[in-house]
Amino acid sequence: MAEQPDHPRGGRASEGEQTGTDSHRGGFGEFGGETGGLIERTFREKIVVVGVTLDGETDEDTAAGLDELELLVDTAGADPVARIEQRRRAPDPATFIGKGKVDEVKATSDHFDADTVVFDDELSPAQQFNLERTLKRSALDRTAVILDIFAQNASSPEGKAQVELAQLQYMLPRLRGMGKKLSQQGGGIGTRGPGETQLEVDRRRIVRRMHKLQDQLRKVQKTRSTQSKRRRTTANRSIALVGYTNAGKSTLLNRLTNAGVLVEDRLFATLDATTRRLQLPGGEMVFATDTVGFVRKLPHQLVEAFRSTLDVVIDADLLVHVVDGSGPDPQGDMDAVRKVLVEIGAGDVPELIAFNKLDLSDRAQRWADRTEGAVALSAHSGVGVEKLLLAVGDRLRAMTIMTELFVPFARGDVLAQVHREGQVLVEAAEETGMRLRARLEPDSRSRLAEWVVDEAPVQ
Ligand SMILES: Nc1nc2c(ncn2[C@@H]2O[C@H](COP(=O)(O)OP(=O)(O)OP(=O)(O)O)[C@@H](O)[C@H]2O)c(=O)[nH]1
Ligand SMILES: [Mg+2]
């Protein structure tokens, strides 16, 4: 079980704290081989954001993407100062946007004295390299910004390892442009072989480090799967709270279990999984896990690296998909979350949708009314939380099969197994053994098939 993380404040210097110096470590979008964010940044970079509407997309898609990108930039600790949009049939292979547009971006960036230009779509290493050369400043993409936020928010050893792995994965194909920066961090004695270029040395160092991190994470994963197996044998079910970042997952876990997880009006406040026991209104105990939030265009490097954390989602019996029902685009949020769920292999886990922040807007209720099986609630005030728990209980019970069994007295081991794996509702002694009525999961039922005498329909 994860402990409540000590939250390192992501660098958000207030106006009054601005010093105008650049004595910060790393910096927005620069990776130093370890996660950043532990040192308060002393100034906020100025950012121009750029969005492109490609064939099949609408201007509204681009505007919504840029709104979110500005929020991400702000969360990362920088200030968006201008936004530029372009419609194109397809991205320019060399510079993503057209040549004339590059000039416009350069002029705007000069005008605002911007430090960095951030594109809403992932740039290829070549595009990034070419853009930086022409714009004479850093050119980054949404992926780099999200990685930067994750780096600032990572606090547990596992979280840090996962973020670093994702950063290195992102960095590897971009070494050409970054070669100089990396080399300055020093290869040192023993890292240079005869005839090798610095680039090859850097590449080998990065690959070695990635293998080390992958090993480390595999070990964590192994411990976690042993723990989850132990949980399973206690017959407790598990639910995972999933959803868009800032939807209120941690607030809900705290409301349900007093878990004391950090809650913040900030994107990606939670990176580590926290699991707590929780009693449903029917008396059953379940394990509830709060985990990392998702976002549109979540970098695939992060999805890959966060596998060990996201395993709890794949293993869950039921997902409680928390949606900000007061937000501008709940449907878009849900679609983005589902896409990630499919990507991590949790597309088939049953889902119960909870439209949150009912206290802020009635729209949460309207969304719930027109969504099959969904509930509306406020994790903040507690309204609707009881209804959610009842719905969770119903859904979990519906997944079990009411089964009648007869077990001879001599088979105390089987009796114990039924109690361990299922929920025994009736138990009566007969002449030669015990007759039981129990709710069993399909797996348990097949293991106990020898003792099953009747199967009643689900109630
Ligand atoms: N008004 C209102 N605010 C809420 C509610 N639930 C959560 N919030 C607020 O929404 C913000 C995000 O809440 P969190 O619980 O941190 O959200 P999260 O889904 O865990 O977010 P990440 O961990 O960043 O992905 C905080 O400012 C909460 O106080 C609610 O029901 N009503
Ligand atoms: Mg959270």
# chains A, B, ... in the order shown; residues from 1 in each chain; ligands from 1
$ select_by_dssp --residues "range 186-297 of chain A" --states "strand (DSSP E)" --output "list of chain:residue names"
A:Arg237, A:Ser238, A:Ile239, A:Ala240, A:Leu241, A:Val242, A:Gly243, A:Thr274, A:Thr275, A:Arg276, A:Arg277, A:Leu278, A:Gln279, A:Met285, A:Val286, A:Phe287, A:Ala288, A:Thr289, A:Asp290
$ select_by_dssp --residues "range 290-450 of chain A" --states "helix (DSSP H, G or I)" --output "ChimeraX atom specification"
/A:300-305,307-315,330-343,363-369,385-398,412-421,442-447,449-450
$ closest_residue --among "A:Ala82, A:Ala305, A:Leu388, A:Leu199" --to "Phe150 in chain A" --atoms "only C-alpha atoms"
A:Ala305
$ residues_around --residues "Lys106 in chain A" --least-positions-apart "4" --cutoff "9 Å" --atoms "only C-alpha atoms" --output "MDAnalysis selection string"
chainID A and resid 101:102 110:111 134:136
$ residues_near_ligand --ligand "ligand 2" --cutoff "8 Å" --atoms "only C-alpha atoms and all ligand atoms" --output "tab-separated table (two decimals) with N, CA and C atoms, in the first residue's frame"
chain	number	residue	atom	x	y	z
A	245	THR	N	-7.65	13.62	-15.14
A	245	THR	CA	-6.94	14.31	-14.06
A	245	THR	C	-7.80	15.46	-13.52
A	246	ASN	N	-7.78	15.62	-12.21
A	246	ASN	CA	-8.52	16.68	-11.53
A	246	ASN	C	-10.04	16.42	-11.44
A	248	GLY	N	-11.50	14.43	-9.35
A	248	GLY	CA	-11.91	14.27	-7.96
A	248	GLY	C	-11.74	12.86	-7.42
A	249	LYS	N	-10.87	12.06	-8.02
A	249	LYS	CA	-10.66	10.68	-7.59
A	249	LYS	C	-10.12	10.62	-6.16
A	250	SER	N	-9.10	11.42	-5.89
A	250	SER	CA	-8.49	11.38	-4.55
A	250	SER	C	-9.45	11.92	-3.50
A	251	THR	N	-10.20	12.95	-3.88
A	251	THR	CA	-11.21	13.49	-2.95
A	251	THR	C	-12.22	12.40	-2.61
A	261	VAL	N	-5.22	11.13	1.20
A	261	VAL	CA	-4.45	11.35	-0.03
A	261	VAL	C	-4.45	12.83	-0.36
A	262	LEU	N	-3.35	13.29	-0.91
A	262	LEU	CA	-3.25	14.70	-1.27
A	262	LEU	C	-4.27	15.06	-2.36
A	263	VAL	N	-5.01	16.14	-2.10
A	263	VAL	CA	-5.99	16.63	-3.06
A	263	VAL	C	-5.58	18.04	-3.44
A	264	GLU	N	-5.54	18.32	-4.71
A	264	GLU	CA	-5.13	19.65	-5.10
A	264	GLU	C	-5.79	20.04	-6.40
A	268	PHE	N	-2.53	16.21	-12.39
A	268	PHE	CA	-1.62	15.13	-12.01
A	268	PHE	C	-1.08	15.28	-10.59
A	269	ALA	N	-1.96	15.61	-9.65
A	269	ALA	CA	-1.54	15.70	-8.25
A	269	ALA	C	-1.16	14.31	-7.74
A	270	THR	N	-1.86	13.29	-8.22
A	270	THR	CA	-1.60	11.92	-7.77
A	270	THR	C	-0.79	11.17	-8.81
A	271	LEU	N	0.31	10.58	-8.40
A	271	LEU	CA	1.03	9.69	-9.31
A	271	LEU	C	1.11	8.27	-8.76
A	290	ASP	N	-6.92	4.47	-5.47
A	290	ASP	CA	-6.89	5.74	-6.21
A	290	ASP	C	-5.58	5.77	-6.97
A	291	THR	N	-5.63	6.20	-8.20
A	291	THR	CA	-4.38	6.19	-8.96
A	291	THR	C	-4.26	7.40	-9.87
A	292	VAL	N	-3.23	7.36	-10.71
A	292	VAL	CA	-2.89	8.50	-11.57
A	292	VAL	C	-4.03	8.85	-12.53
A	293	GLY	N	-4.23	10.13	-12.78
A	293	GLY	CA	-5.28	10.56	-13.70
A	293	GLY	C	-4.80	10.55	-15.15
$ closest_residue --among "A:Gly433, A:Pro125, A:Pro328, A:Gly412" --to "Asp67 in chain A" --atoms "only C-alpha atoms"
A:Pro328
$ residues_around --residues "Arg174 in chain A" --least-positions-apart "4" --cutoff "10 Å" --atoms "only C-alpha atoms" --output "list in words"
Ser124, Pro125, Ala126, Gln128, Phe129, Leu168, Gln169, Tyr170, Met178 and Gly179 of chain A
$ residues_around --residues "Asp120 in chain A" --least-positions-apart "5" --cutoff "8 Å" --atoms "only C-alpha atoms" --output "JSON, numbers by chain"
{"A": [49, 50, 51, 52, 65, 66, 69, 141, 142]}
$ residues_around --residues "range 255-258 of chain A" --least-positions-apart "2" --cutoff "10 Å" --atoms "only C-alpha atoms" --output "ChimeraX atom specification"
/A:249-253,260-261,275-280,288,378-382,385-386,389
$ write_last_selection --atoms "N, CA and C atoms" --output "compact mmCIF listing (two decimals), in the first residue's frame"
# COMPACT_ATOMS: atom_id res chain seq x y z
N LYS A 249 -10.87 12.06 -8.02
CA LYS A 249 -10.66 10.68 -7.59
C LYS A 249 -10.12 10.62 -6.16
N SER A 250 -9.10 11.42 -5.89
CA SER A 250 -8.49 11.38 -4.55
C SER A 250 -9.45 11.92 -3.50
N THR A 251 -10.20 12.95 -3.88
CA THR A 251 -11.21 13.49 -2.95
C THR A 251 -12.22 12.40 -2.61
N LEU A 252 -12.60 11.61 -3.61
CA LEU A 252 -13.58 10.55 -3.38
C LEU A 252 -12.99 9.46 -2.48
N LEU A 253 -11.73 9.05 -2.73
CA LEU A 253 -11.14 8.02 -1.88
C LEU A 253 -11.06 8.52 -0.44
N GLY A 260 -6.57 10.18 3.43
CA GLY A 260 -5.60 11.28 3.60
C GLY A 260 -4.71 11.50 2.38
N VAL A 261 -5.22 11.13 1.20
CA VAL A 261 -4.45 11.35 -0.03
C VAL A 261 -4.45 12.83 -0.36
N THR A 275 -4.14 2.30 -1.82
CA THR A 275 -5.24 1.35 -1.64
C THR A 275 -5.71 1.35 -0.19
N ARG A 276 -7.01 1.36 0.01
CA ARG A 276 -7.57 1.32 1.35
C ARG A 276 -8.75 0.35 1.37
N ARG A 277 -9.03 -0.22 2.58
CA ARG A 277 -10.20 -1.07 2.71
C ARG A 277 -11.43 -0.21 2.95
N LEU A 278 -12.53 -0.71 2.49
CA LEU A 278 -13.75 0.08 2.56
C LEU A 278 -14.94 -0.87 2.72
N GLN A 279 -15.90 -0.49 3.58
CA GLN A 279 -17.06 -1.35 3.79
C GLN A 279 -18.24 -0.83 3.00
N LEU A 280 -18.85 -1.73 2.23
CA LEU A 280 -20.03 -1.34 1.45
C LEU A 280 -21.27 -1.42 2.33
N ALA A 288 -10.26 -0.37 -2.25
CA ALA A 288 -10.45 0.73 -3.21
C ALA A 288 -9.10 1.39 -3.46
N SER A 378 -21.27 14.35 -5.17
CA SER A 378 -20.26 15.35 -4.86
C SER A 378 -19.32 14.73 -3.83
N ALA A 379 -18.10 14.44 -4.26
CA ALA A 379 -17.11 13.87 -3.34
C ALA A 379 -16.81 14.90 -2.25
N HIS A 380 -17.00 16.15 -2.61
CA HIS A 380 -16.70 17.28 -1.74
C HIS A 380 -17.70 17.36 -0.58
N SER A 381 -19.01 17.33 -0.91
CA SER A 381 -20.02 17.49 0.14
C SER A 381 -20.53 16.15 0.65
N GLY A 382 -20.33 15.10 -0.12
CA GLY A 382 -20.80 13.78 0.31
C GLY A 382 -22.14 13.40 -0.29
N VAL A 385 -22.86 9.98 -2.35
CA VAL A 385 -21.81 8.99 -2.13
C VAL A 385 -22.40 7.64 -1.69
N GLU A 386 -23.45 7.71 -0.85
CA GLU A 386 -24.10 6.49 -0.39
C GLU A 386 -24.69 5.73 -1.59
N LEU A 389 -22.03 3.90 -3.38
CA LEU A 389 -21.62 2.66 -2.71
C LEU A 389 -22.65 1.55 -2.92
$ closest_residue --among "A:Gln423, A:Ser308, A:Asn153, A:Ser138" --to "Asp215 in chain A" --atoms "only C-alpha atoms"
A:Ser308
$ closest_residue --among "A:Val337, A:Leu352, A:Leu440, A:Ile206" --to "ligand 1" --atoms "only C-alpha atoms and all ligand atoms"
A:Val337
$ closest_residue --among "A:Leu425, A:Val392, A:Val418, A:Val242" --to "ligand 1" --atoms "only C-alpha atoms and all ligand atoms"
A:Val242
$ residues_around --residues "Gln214 in chain A" --least-positions-apart "5" --cutoff "10 Å" --atoms "only C-alpha atoms" --output "NGL selection string"
:A and (161-162 or 165 or 208-209 or 219-220 or 305)
$ write_last_selection --atoms "C-alpha atoms" --output "CSV table (one decimal), in the first residue's frame"
chain,number,residue,atom,x,y,z
A,161,ALA,CA,11.7,5.7,-11.6
A,162,GLN,CA,8.6,5.5,-13.8
A,165,LEU,CA,12.0,6.0,-17.6
A,208,ARG,CA,21.9,1.2,-19.7
A,209,ARG,CA,20.0,3.5,-17.3
A,219,LYS,CA,10.8,-5.9,-8.9
A,220,VAL,CA,8.1,-3.5,-7.5
A,305,ALA,CA,6.4,3.4,-17.8
$ atom_distance --atom1 "atom 10 (O, counted along the ligand's line) of ligand 1" --atom2 "CA of Val117 in chain A"
28.9 Å
$ closest_residue --among "A:Asp324, A:Glu421, A:Glu200, A:Glu85" --to "ligand 1" --atoms "only C-alpha atoms and all ligand atoms"
A:Asp324
$ atom_distance --atom1 "CA of Gly243 in chain A" --atom2 "atom 26 (C, counted along the ligand's line) of ligand 1"
13.7 Å
